[in-house]
Amino acid sequence: MKLQQILFSQGFGTRRQCDALLASGAVQVAGEVLRDGNAELATDGLMLTVNGVPWPFHERAYVMLHKPAGYECSQQPKHWPAVYELLPAPLRTRPTKSSVNGVQAVGRLDQDTTGLLILSDDGQFIHRMASPKHHVPKVYEVTTKHALDGAQIAALCAGVVLNDDPQPVAALHCERLGAARIALTLTEGKYHQVKRMLAAVGNRVDALHRSRIGGLALDPALAPGEWRWLTADDLVAIAR
Ligand code: URA
């Protein structure tokens, strides 16, 4: 692929901006400054360095973010900054086939929820992961306002009725982590589902953290606000 097209595909701006980057000597491959946008490069395993920052070529972007509290998973946030602000500009601007450029969050976490958030520019992947048909299990660590009793835990697993739907929703697993802490595995993603399930059993969520999606756990090396690319193994794990 031509170097100008590579930079464009990775989100380094318009073709003209990519040319300007090249002309300024900001782009290196294997320690060599490249200025010719027409140079043909193999993209497999290609590591660019742009303004001193290493940038591995990815045809499609799949990343995990350790979402901190105080960020909205929306492109048009109302009260809090958007999670997208935590990502570098190329991930936010890379061209896509859809009308919105850049990566999109796979499902949403509330402003005050922390933990594992996946973002991608692969529309089919986002659709598959977010679709209720696929039942990808998600694990939430919940700290409750009041100590949880056995009846509440049993009810969460047996199914509770939420205020807008007569069909009960049940957790796939409920694991007690402490007097007022529980890990809930859910296969659906209804609006405010964990908070509403806890409210339905007469308790209240004080803190909510998503630790796992499918077989993929939040990388413990990521501090809140940090992100990393997903590996091929991660993409297999997430679908499990
Ligand atoms: N359930 C909630 O109530 N909030 C979240 O952010 C995720 C699941």
# chains A, B, ... in the order shown; residues from 1 in each chain; ligands from 1
>>> select_by_dssp(residues="stretch 17-226 of chain A", states="alpha helix (DSSP H)", output="PyMOL selection string")
chain A and resi 17-23+89-93+123-130+150-158+193-200
>>> residues_near_ligand(ligand="ligand 1", cutoff="7 Å", atoms="only C-alpha atoms and all ligand atoms", output="VMD selection string")
chain A and resid 108 to 110 113 189 191 to 196
>>> write_last_selection(atoms="C-alpha atoms", output="PDB file, in the first residue's frame")
ATOM      1  CA  ARG A 108     -22.151   1.724  26.854  1.00  0.00           C
ATOM      2  CA  LEU A 109     -21.147   2.014  30.470  1.00  0.00           C
ATOM      3  CA  ASP A 110     -22.704   4.659  32.709  1.00  0.00           C
ATOM      4  CA  THR A 113     -19.153   2.843  35.951  1.00  0.00           C
ATOM      5  CA  GLY A 189     -27.351  -5.343  28.238  1.00  0.00           C
ATOM      6  CA  TYR A 191     -30.359   0.166  30.148  1.00  0.00           C
ATOM      7  CA  HIS A 192     -28.897   0.580  33.680  1.00  0.00           C
ATOM      8  CA  GLN A 193     -29.461  -3.148  34.094  1.00  0.00           C
ATOM      9  CA  VAL A 194     -27.252  -3.790  37.133  1.00  0.00           C
ATOM     10  CA  LYS A 195     -28.496  -0.725  38.980  1.00  0.00           C
ATOM     11  CA  ARG A 196     -32.114  -1.605  38.239  1.00  0.00           C
TER      12      ARG A 196
END
>>> closest_residue(among="A:Gly107, A:Gly215, A:Gly150, A:Pro68", to="A:Ser131", atoms="only C-alpha atoms")
A:Gly107
>>> closest_residue(among="A:Asn38, A:Val53, A:Leu235, A:His58", to="A:Met129", atoms="only C-alpha atoms")
A:Leu235
>>> residues_around(residues="A:Leu21", least_positions_apart="2", cutoff="12 Å", atoms="only C-alpha atoms", output="list of chain:residue names")
A:Leu3, A:Gln4, A:Leu7, A:Phe8, A:Phe12, A:Gly13, A:Thr14, A:Arg15, A:Arg16, A:Gln17, A:Cys18, A:Asp19, A:Ala23, A:Ser24, A:Gly25, A:Ala26, A:Val27, A:Gln28, A:Val33, A:Leu34, A:Arg35, A:Asp36, A:Gly37, A:Thr49, A:Val50, A:Asn51
>>> closest_residue(among="A:Leu65, A:Thr187, A:Ser211, A:Gln104", to="A:Lys133", atoms="only C-alpha atoms")
A:Thr187
>>> closest_residue(among="A:Ile118, A:Ala61, A:Ile213, A:Val160", to="A:Ser9", atoms="only C-alpha atoms")
A:Ala61
>>> residues_around(residues="A:Thr93", least_positions_apart="5", cutoff="6 Å", atoms="only C-alpha atoms", output="number ranges by chain")
A: 11, 101-102
>>> closest_residue(among="A:Ala179, A:Ala237, A:Ile6, A:Leu216", to="A:Ala39", atoms="only C-alpha atoms")
A:Ile6
>>> closest_residue(among="A:Ala105, A:Val142, A:Ala154, A:Ala171", to="A:Val205", atoms="only C-alpha atoms")
A:Val142
